[in-house]
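Content type mmCIF, N, CA, C and O atoms, from the file protein.cif:
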```cif
data_start
#
loop_
_atom_site.label_atom_id
_atom_site.label_comp_id
_atom_site.auth_asym_id
_atom_site.auth_seq_id
_atom_site.Cartn_x
_atom_site.Cartn_y
_atom_site.Cartn_z
N MET A 4 115.18 105.01 64.26
CA MET A 4 115.79 103.77 64.68
C MET A 4 117.01 104.10 65.54
O MET A 4 117.86 104.87 65.14
N LYS A 5 117.08 103.51 66.70
CA LYS A 5 118.20 103.76 67.63
C LYS A 5 119.27 102.70 67.38
O LYS A 5 119.05 101.52 67.59
N LEU A 6 120.45 103.17 66.98
CA LEU A 6 121.54 102.26 66.63
C LEU A 6 122.64 102.19 67.67
O LEU A 6 123.41 101.24 67.68
N PHE A 7 122.73 103.20 68.54
CA PHE A 7 123.85 103.28 69.45
C PHE A 7 123.40 103.14 70.90
O PHE A 7 122.35 103.62 71.28
N GLN A 8 124.25 102.51 71.67
CA GLN A 8 123.98 102.33 73.10
C GLN A 8 125.06 103.05 73.89
O GLN A 8 126.24 102.95 73.57
N VAL A 9 124.66 103.76 74.93
CA VAL A 9 125.58 104.45 75.82
C VAL A 9 125.39 103.88 77.22
O VAL A 9 124.27 103.79 77.71
N ASN A 10 126.48 103.48 77.85
CA ASN A 10 126.41 102.92 79.19
C ASN A 10 127.08 103.88 80.18
O ASN A 10 128.11 104.46 79.87
N ILE A 11 126.47 104.01 81.34
CA ILE A 11 127.08 104.80 82.41
C ILE A 11 127.06 103.97 83.69
O ILE A 11 126.26 103.05 83.82
N ARG A 12 127.94 104.29 84.60
CA ARG A 12 127.97 103.62 85.89
C ARG A 12 127.46 104.60 86.95
O ARG A 12 127.83 105.77 86.95
N LEU A 13 126.62 104.09 87.82
CA LEU A 13 126.04 104.90 88.90
C LEU A 13 126.30 104.22 90.22
O LEU A 13 126.39 103.00 90.29
N THR A 14 126.38 105.02 91.27
CA THR A 14 126.41 104.44 92.60
C THR A 14 125.02 103.91 92.91
O THR A 14 124.04 104.23 92.20
N GLU A 15 124.90 103.14 93.97
CA GLU A 15 123.60 102.61 94.36
C GLU A 15 122.61 103.75 94.63
O GLU A 15 121.46 103.72 94.19
N SER A 16 123.08 104.77 95.34
CA SER A 16 122.18 105.88 95.67
C SER A 16 121.82 106.70 94.43
O SER A 16 120.68 107.16 94.31
N GLU A 17 122.75 106.88 93.50
CA GLU A 17 122.44 107.59 92.26
C GLU A 17 121.40 106.82 91.44
O GLU A 17 120.47 107.41 90.89
N HIS A 18 121.58 105.50 91.39
CA HIS A 18 120.64 104.67 90.63
C HIS A 18 119.25 104.73 91.25
O HIS A 18 118.25 104.88 90.54
N GLN A 19 119.18 104.66 92.57
CA GLN A 19 117.88 104.72 93.23
C GLN A 19 117.22 106.06 93.00
O GLN A 19 116.02 106.13 92.75
N LEU A 20 117.99 107.14 93.08
CA LEU A 20 117.43 108.47 92.84
C LEU A 20 116.93 108.59 91.41
O LEU A 20 115.84 109.12 91.17
N ALA A 21 117.70 108.07 90.44
CA ALA A 21 117.26 108.11 89.04
C ALA A 21 115.97 107.33 88.86
O ALA A 21 115.05 107.77 88.16
N LYS A 22 115.88 106.16 89.51
CA LYS A 22 114.65 105.37 89.44
C LYS A 22 113.47 106.14 90.03
O LYS A 22 112.38 106.16 89.46
N ASP A 23 113.71 106.77 91.19
CA ASP A 23 112.64 107.53 91.85
C ASP A 23 112.18 108.69 90.98
O ASP A 23 110.97 108.92 90.83
N LEU A 24 113.12 109.42 90.41
CA LEU A 24 112.75 110.56 89.56
C LEU A 24 112.04 110.11 88.30
O LEU A 24 111.09 110.76 87.84
N ALA A 25 112.49 109.02 87.72
CA ALA A 25 111.82 108.48 86.54
C ALA A 25 110.41 108.03 86.88
O ALA A 25 109.46 108.31 86.13
N ASP A 26 110.26 107.37 88.02
CA ASP A 26 108.93 106.95 88.46
C ASP A 26 108.01 108.14 88.65
O ASP A 26 106.85 108.11 88.25
N LEU A 27 108.53 109.19 89.25
CA LEU A 27 107.73 110.39 89.48
C LEU A 27 107.27 111.02 88.17
O LEU A 27 106.20 111.60 88.10
N ALA A 28 108.12 110.89 87.15
CA ALA A 28 107.78 111.45 85.84
C ALA A 28 106.96 110.47 85.01
O ALA A 28 106.58 110.79 83.88
N GLY A 29 106.71 109.28 85.54
CA GLY A 29 105.96 108.28 84.78
C GLY A 29 106.76 107.74 83.62
O GLY A 29 106.21 107.46 82.55
N SER A 30 108.06 107.56 83.83
CA SER A 30 108.95 107.15 82.75
C SER A 30 109.86 106.02 83.21
O SER A 30 109.92 105.70 84.40
N THR A 31 110.57 105.45 82.26
CA THR A 31 111.62 104.49 82.61
C THR A 31 112.89 105.28 82.88
O THR A 31 113.01 106.45 82.49
N VAL A 32 113.85 104.64 83.53
CA VAL A 32 115.13 105.32 83.80
C VAL A 32 115.79 105.72 82.49
O VAL A 32 116.28 106.84 82.33
N THR A 33 115.78 104.81 81.52
CA THR A 33 116.41 105.09 80.22
C THR A 33 115.78 106.29 79.55
O THR A 33 116.48 107.21 79.09
N ASN A 34 114.47 106.30 79.46
CA ASN A 34 113.78 107.42 78.81
C ASN A 34 113.94 108.71 79.60
O ASN A 34 114.02 109.80 79.03
N TRP A 35 113.99 108.59 80.94
CA TRP A 35 114.18 109.78 81.76
C TRP A 35 115.56 110.40 81.48
O TRP A 35 115.68 111.60 81.28
N PHE A 36 116.62 109.55 81.44
CA PHE A 36 117.96 110.05 81.13
C PHE A 36 118.00 110.67 79.73
O PHE A 36 118.61 111.72 79.52
N ARG A 37 117.36 110.02 78.78
CA ARG A 37 117.34 110.54 77.41
C ARG A 37 116.67 111.92 77.39
O ARG A 37 117.19 112.86 76.76
N ALA A 38 115.55 112.06 78.08
CA ALA A 38 114.85 113.34 78.12
C ALA A 38 115.71 114.41 78.79
O ALA A 38 115.75 115.56 78.34
N CYS A 39 116.41 114.04 79.87
CA CYS A 39 117.28 115.00 80.55
C CYS A 39 118.44 115.43 79.67
O CYS A 39 118.84 116.60 79.65
N ALA A 40 118.98 114.50 78.91
CA ALA A 40 120.15 114.79 78.07
C ALA A 40 119.81 115.68 76.89
O ALA A 40 120.62 116.50 76.48
N PHE A 41 118.60 115.53 76.34
CA PHE A 41 118.28 116.20 75.09
C PHE A 41 117.21 117.28 75.19
O PHE A 41 116.70 117.75 74.18
N SER A 42 116.88 117.67 76.41
CA SER A 42 115.95 118.78 76.58
C SER A 42 116.56 119.76 77.58
O SER A 42 117.54 119.44 78.25
N LYS A 43 115.96 120.91 77.70
CA LYS A 43 116.52 121.94 78.58
C LYS A 43 116.15 121.74 80.04
O LYS A 43 116.72 122.36 80.90
N LYS A 44 115.17 120.89 80.31
CA LYS A 44 114.79 120.65 81.70
C LYS A 44 114.37 119.19 81.87
O LYS A 44 114.09 118.50 80.91
N ARG A 45 114.32 118.78 83.12
CA ARG A 45 113.91 117.42 83.44
C ARG A 45 112.45 117.21 83.07
O ARG A 45 111.66 118.14 83.12
N PRO A 46 112.09 115.96 82.80
CA PRO A 46 110.67 115.66 82.59
C PRO A 46 109.87 116.01 83.84
O PRO A 46 110.32 115.80 84.96
N ALA A 47 108.70 116.58 83.63
CA ALA A 47 107.86 117.01 84.75
C ALA A 47 107.34 115.83 85.53
O ALA A 47 106.99 114.80 84.97
N ALA A 48 107.31 116.01 86.83
CA ALA A 48 106.74 114.97 87.70
C ALA A 48 105.23 115.02 87.61
O ALA A 48 104.65 116.07 87.36
N LYS A 49 104.62 113.88 87.83
CA LYS A 49 103.18 113.80 87.79
C LYS A 49 102.56 114.10 89.15
O LYS A 49 101.37 113.97 89.33
N GLN A 50 103.39 114.47 90.12
CA GLN A 50 102.91 114.79 91.46
C GLN A 50 103.09 116.27 91.75
O GLN A 50 103.83 116.96 91.07
N LYS A 51 102.43 116.72 92.80
CA LYS A 51 102.63 118.08 93.26
C LYS A 51 104.07 118.22 93.74
O LYS A 51 104.66 117.27 94.24
N LEU A 52 104.63 119.42 93.63
CA LEU A 52 106.02 119.66 93.99
C LEU A 52 106.31 119.26 95.43
O LEU A 52 107.31 118.62 95.70
N ILE A 53 105.45 119.58 96.37
CA ILE A 53 105.71 119.26 97.77
C ILE A 53 105.78 117.76 97.97
O ILE A 53 106.63 117.25 98.69
N ASN A 54 104.91 117.00 97.31
CA ASN A 54 104.94 115.55 97.42
C ASN A 54 106.19 114.98 96.77
O ASN A 54 106.76 114.02 97.25
N ARG A 55 106.60 115.55 95.66
CA ARG A 55 107.79 115.08 94.97
C ARG A 55 109.02 115.26 95.86
O ARG A 55 109.83 114.36 95.99
N LYS A 56 109.15 116.43 96.47
CA LYS A 56 110.30 116.69 97.33
C LYS A 56 110.30 115.71 98.50
O LYS A 56 111.35 115.15 98.84
N LEU A 57 109.15 115.50 99.11
CA LEU A 57 109.06 114.56 100.22
C LEU A 57 109.41 113.15 99.76
O LEU A 57 110.14 112.43 100.43
N PHE A 58 108.92 112.77 98.60
CA PHE A 58 109.20 111.45 98.04
C PHE A 58 110.71 111.26 97.83
O PHE A 58 111.28 110.25 98.20
N ILE A 59 111.35 112.27 97.27
CA ILE A 59 112.80 112.19 97.02
C ILE A 59 113.57 112.17 98.33
O ILE A 59 114.51 111.39 98.48
N ASP A 60 113.17 112.98 99.30
CA ASP A 60 113.83 112.97 100.60
C ASP A 60 113.70 111.59 101.26
O ASP A 60 114.66 111.07 101.82
N LEU A 61 112.52 111.01 101.17
CA LEU A 61 112.32 109.67 101.73
C LEU A 61 113.19 108.65 101.00
O LEU A 61 113.73 107.73 101.60
N SER A 62 113.33 108.82 99.69
CA SER A 62 114.19 107.91 98.92
C SER A 62 115.64 108.00 99.39
O SER A 62 116.32 106.99 99.51
N ARG A 63 116.08 109.20 99.63
CA ARG A 63 117.46 109.37 100.11
C ARG A 63 117.66 108.74 101.49
O ARG A 63 118.68 108.11 101.74
N ILE A 64 116.67 108.91 102.35
CA ILE A 64 116.75 108.27 103.67
C ILE A 64 116.80 106.76 103.50
O ILE A 64 117.60 106.07 104.14
N GLY A 65 115.93 106.25 102.64
CA GLY A 65 115.93 104.81 102.37
C GLY A 65 117.25 104.33 101.82
O GLY A 65 117.74 103.26 102.19
N ASN A 66 117.87 105.11 100.95
CA ASN A 66 119.19 104.75 100.41
C ASN A 66 120.23 104.69 101.52
O ASN A 66 121.07 103.78 101.55
N ASN A 67 120.18 105.65 102.43
CA ASN A 67 121.12 105.65 103.55
C ASN A 67 120.94 104.41 104.41
O ASN A 67 121.91 103.79 104.86
N ILE A 68 119.68 104.05 104.65
CA ILE A 68 119.40 102.84 105.43
C ILE A 68 119.94 101.61 104.71
O ILE A 68 120.56 100.73 105.32
N ASN A 69 119.73 101.55 103.39
CA ASN A 69 120.26 100.42 102.61
C ASN A 69 121.78 100.34 102.71
O ASN A 69 122.36 99.26 102.82
N GLN A 70 122.44 101.48 102.64
CA GLN A 70 123.90 101.50 102.73
C GLN A 70 124.37 101.03 104.09
O GLN A 70 125.35 100.28 104.19
N LEU A 71 123.67 101.45 105.16
CA LEU A 71 124.03 100.98 106.50
C LEU A 71 123.83 99.47 106.62
O LEU A 71 124.67 98.76 107.18
N ALA A 72 122.73 98.98 106.07
CA ALA A 72 122.46 97.54 106.13
C ALA A 72 123.52 96.77 105.33
O ALA A 72 124.02 95.73 105.79
N HIS A 73 123.87 97.27 104.16
CA HIS A 73 124.91 96.62 103.35
C HIS A 73 126.25 96.63 104.10
O HIS A 73 126.97 95.64 104.11
N HIS A 74 126.55 97.75 104.73
CA HIS A 74 127.77 97.88 105.51
C HIS A 74 127.79 96.83 106.62
O HIS A 74 128.80 96.14 106.82
N ALA A 75 126.68 96.69 107.30
CA ALA A 75 126.58 95.72 108.40
C ALA A 75 126.69 94.28 107.87
O ALA A 75 127.35 93.44 108.48
N ASN A 76 126.03 94.01 106.75
CA ASN A 76 126.07 92.67 106.18
C ASN A 76 127.45 92.30 105.64
O ASN A 76 127.72 91.13 105.39
N SER A 77 128.30 93.30 105.45
CA SER A 77 129.66 93.06 104.98
C SER A 77 130.62 92.80 106.13
O SER A 77 131.83 92.72 105.93
N GLY A 78 130.08 92.69 107.34
CA GLY A 78 130.92 92.39 108.50
C GLY A 78 131.46 93.60 109.22
O GLY A 78 132.31 93.48 110.10
N ASN A 79 131.00 94.77 108.86
CA ASN A 79 131.46 95.99 109.52
C ASN A 79 130.60 96.27 110.75
O ASN A 79 129.48 95.80 110.86
N PRO A 80 131.14 97.07 111.68
CA PRO A 80 130.45 97.22 112.96
C PRO A 80 129.14 98.00 112.92
O PRO A 80 129.11 99.20 112.87
N ILE A 81 128.06 97.28 112.90
CA ILE A 81 126.71 97.75 113.22
C ILE A 81 126.12 96.58 113.98
O ILE A 81 126.29 95.42 113.59
N LEU A 82 125.49 96.86 115.06
CA LEU A 82 124.95 95.77 115.87
C LEU A 82 123.94 94.97 115.07
O LEU A 82 123.06 95.54 114.42
N ALA A 83 124.07 93.65 115.13
CA ALA A 83 123.13 92.78 114.41
C ALA A 83 121.70 93.02 114.89
O ALA A 83 120.76 92.87 114.12
N SER A 84 121.55 93.42 116.14
CA SER A 84 120.21 93.68 116.67
C SER A 84 119.56 94.89 116.00
O SER A 84 118.34 95.06 116.08
N GLU A 85 120.36 95.73 115.33
CA GLU A 85 119.82 96.91 114.66
C GLU A 85 119.28 96.61 113.27
O GLU A 85 118.52 97.38 112.71
N LEU A 86 119.67 95.48 112.70
CA LEU A 86 119.25 95.15 111.34
C LEU A 86 117.74 95.05 111.18
O LEU A 86 117.19 95.60 110.22
N PRO A 87 117.03 94.36 112.07
CA PRO A 87 115.57 94.32 111.91
C PRO A 87 114.94 95.71 111.94
O PRO A 87 113.99 95.98 111.20
N LEU A 88 115.47 96.60 112.77
CA LEU A 88 114.95 97.96 112.84
C LEU A 88 115.20 98.69 111.52
O LEU A 88 114.33 99.39 111.02
N LEU A 89 116.39 98.51 110.94
CA LEU A 89 116.68 99.15 109.66
C LEU A 89 115.73 98.64 108.57
O LEU A 89 115.23 99.42 107.77
N LYS A 90 115.47 97.35 108.56
CA LYS A 90 114.55 96.79 107.57
C LYS A 90 113.13 97.31 107.80
O LYS A 90 112.42 97.61 106.84
N GLU A 91 112.74 97.44 109.06
CA GLU A 91 111.42 97.98 109.39
C GLU A 91 111.29 99.43 108.93
O GLU A 91 110.26 99.84 108.38
N LEU A 92 112.34 100.22 109.13
CA LEU A 92 112.33 101.61 108.69
C LEU A 92 112.23 101.70 107.17
O LEU A 92 111.47 102.51 106.63
N LYS A 93 112.96 100.86 106.48
CA LYS A 93 112.92 100.85 105.01
C LYS A 93 111.52 100.52 104.52
O LYS A 93 111.01 101.15 103.61
N GLU A 94 110.88 99.54 105.14
CA GLU A 94 109.52 99.17 104.75
C GLU A 94 108.54 100.31 105.03
O GLU A 94 107.66 100.60 104.21
N ALA A 95 108.70 100.98 106.16
CA ALA A 95 107.83 102.11 106.49
C ALA A 95 107.98 103.23 105.46
O ALA A 95 106.99 103.83 105.03
N ILE A 96 109.20 103.49 105.06
CA ILE A 96 109.45 104.52 104.04
C ILE A 96 108.79 104.13 102.72
O ILE A 96 108.16 104.95 102.06
N SER A 97 108.91 102.87 102.35
CA SER A 97 108.28 102.40 101.10
C SER A 97 106.77 102.58 101.15
O SER A 97 106.14 102.97 100.16
N GLN A 98 106.18 102.30 102.29
CA GLN A 98 104.73 102.46 102.43
C GLN A 98 104.33 103.93 102.32
O GLN A 98 103.32 104.26 101.69
N ILE A 99 105.12 104.81 102.92
CA ILE A 99 104.83 106.25 102.83
C ILE A 99 104.95 106.71 101.38
O ILE A 99 104.11 107.47 100.89
N GLN A 100 105.98 106.24 100.70
CA GLN A 100 106.15 106.62 99.29
C GLN A 100 104.95 106.16 98.46
O GLN A 100 104.46 106.91 97.61
N GLN A 101 104.49 104.95 98.70
CA GLN A 101 103.34 104.44 97.96
C GLN A 101 102.11 105.30 98.21
O GLN A 101 101.37 105.62 97.29
N LYS A 102 101.90 105.70 99.45
CA LYS A 102 100.76 106.55 99.78
C LYS A 102 100.88 107.91 99.09
O LYS A 102 99.89 108.47 98.64
N LEU A 103 102.10 108.44 99.01
CA LEU A 103 102.31 109.70 98.32
C LEU A 103 101.95 109.59 96.84
O LEU A 103 101.39 110.50 96.24
N LEU A 104 102.30 108.46 96.24
CA LEU A 104 102.00 108.25 94.83
C LEU A 104 100.51 108.17 94.57
O LEU A 104 100.04 108.47 93.49
N GLU A 105 99.76 107.77 95.59
CA GLU A 105 98.31 107.63 95.45
C GLU A 105 97.57 108.96 95.62
O GLU A 105 96.38 109.02 95.33
N LEU A 106 98.26 110.00 96.14
CA LEU A 106 97.60 111.30 96.35
C LEU A 106 97.18 111.95 95.05
O LEU A 106 97.74 111.82 94.05
#
```
How does this structure look as structure tokens?
Amino acid sequence: MKLFQVNIRLTESEHQLAKDLADLAGSTVTNWFRACAFSKKRPAAKQKLINRKLFIDLSRIGNNINQLAHHANSGNPILASELPLLKELKEAISQIQQKLLEL
């Protein structure tokens, strides 16, 4: 029986990476963190190593795009005309990630 709760704060990119790694391991973020904390190594990914690395790299690129879009939506200088392109890139990355998961 689990009686105690531990909360941590993550940046947006840390949270996305944790979600991606948990997904790769076929786990929830909570269970993935628990496994990392109480075992000597991370839970194994269900994908080939090369696909996992590519998936994680794409996730990081997607996070950077999200940060740029958030920056622009906060009134900071990024041309409004660039926003549709950023959204298109994010969608393309998501589609590539989905295809990788299907391999």
Sel. of alpha helix (DSSP H) residues, chain A, as an NGL selection string: :A and (15-27 or 32-41 or 52-76 or 86-105)
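The interatomic distance for the pair atom CA of Cys39 of chain A and atom CA of Ala25 of chain A works out to 10.4 Å.
You can rank A:His73, A:Lys44, A:Arg55, A:Lys102 by their closest distance to Asp26 of chain A using only C-alpha atoms, and at the top of that list sits A:Arg55.
Interatomic distance, atom CA of Ala28 of chain A against atom O of Asp60 of chain A: 17.4 Å.
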Would you be able to write out as a compact mmCIF listing (two decimals) with N, CA, C and O atoms, in the frame of the given file which residues have an atom within 6 Å of (122.6, 107.4, 97.4) in the file's coordinates, counting all atoms listed in the file?
```
# COMPACT_ATOMS: atom_id res chain seq x y z
N GLU A 15 124.90 103.14 93.97
CA GLU A 15 123.60 102.61 94.36
C GLU A 15 122.61 103.75 94.63
O GLU A 15 121.46 103.72 94.19
N SER A 16 123.08 104.77 95.34
CA SER A 16 122.18 105.88 95.67
C SER A 16 121.82 106.70 94.43
O SER A 16 120.68 107.16 94.31
N GLU A 17 122.75 106.88 93.50
CA GLU A 17 122.44 107.59 92.26
C GLU A 17 121.40 106.82 91.44
O GLU A 17 120.47 107.41 90.89
N ARG A 63 116.08 109.20 99.63
CA ARG A 63 117.46 109.37 100.11
C ARG A 63 117.66 108.74 101.49
O ARG A 63 118.68 108.11 101.74
N ASN A 66 117.87 105.11 100.95
CA ASN A 66 119.19 104.75 100.41
C ASN A 66 120.23 104.69 101.52
O ASN A 66 121.07 103.78 101.55
N ASN A 67 120.18 105.65 102.43
CA ASN A 67 121.12 105.65 103.55
C ASN A 67 120.94 104.41 104.41
O ASN A 67 121.91 103.79 104.86
```
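Of note, atom CA of Met4 of chain A and atom C of Ser42 of chain A are spaced 20.6 Å apart.
Distance annotation: of A:Ile64, A:Ile59, A:Ala40, A:Leu71, the residue with the minimal separation from Asp23 of chain A is A:Ile59; atom set is all atoms listed in the file.
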Calculate, to one decimal in Å, the centre and edge lengths of the box along x, y and z of the file that holds all listed atoms of segment 26-32 of chain A with 5 Å of margin on each side, and present them as JSON.
```
{"center_x": 111.1, "center_y": 108.0, "center_z": 85.9, "size_x": 20.3, "size_y": 17.1, "size_z": 17.2}
```
Explicit residue set for the PyMOL selection byres (((chain A and resi 88-95 and name CA) around 10) and name CA), as a list in words: Leu61, Ser62, Ile64, Gly65, Asn66, Asn67, Ile68, Asn69, Leu71, Ala72, Ala83, Ser84, Glu85, Leu86, Pro87, Ile96, Ser97, Gln98, Ile99, Gln100 and Gln101 of chain A
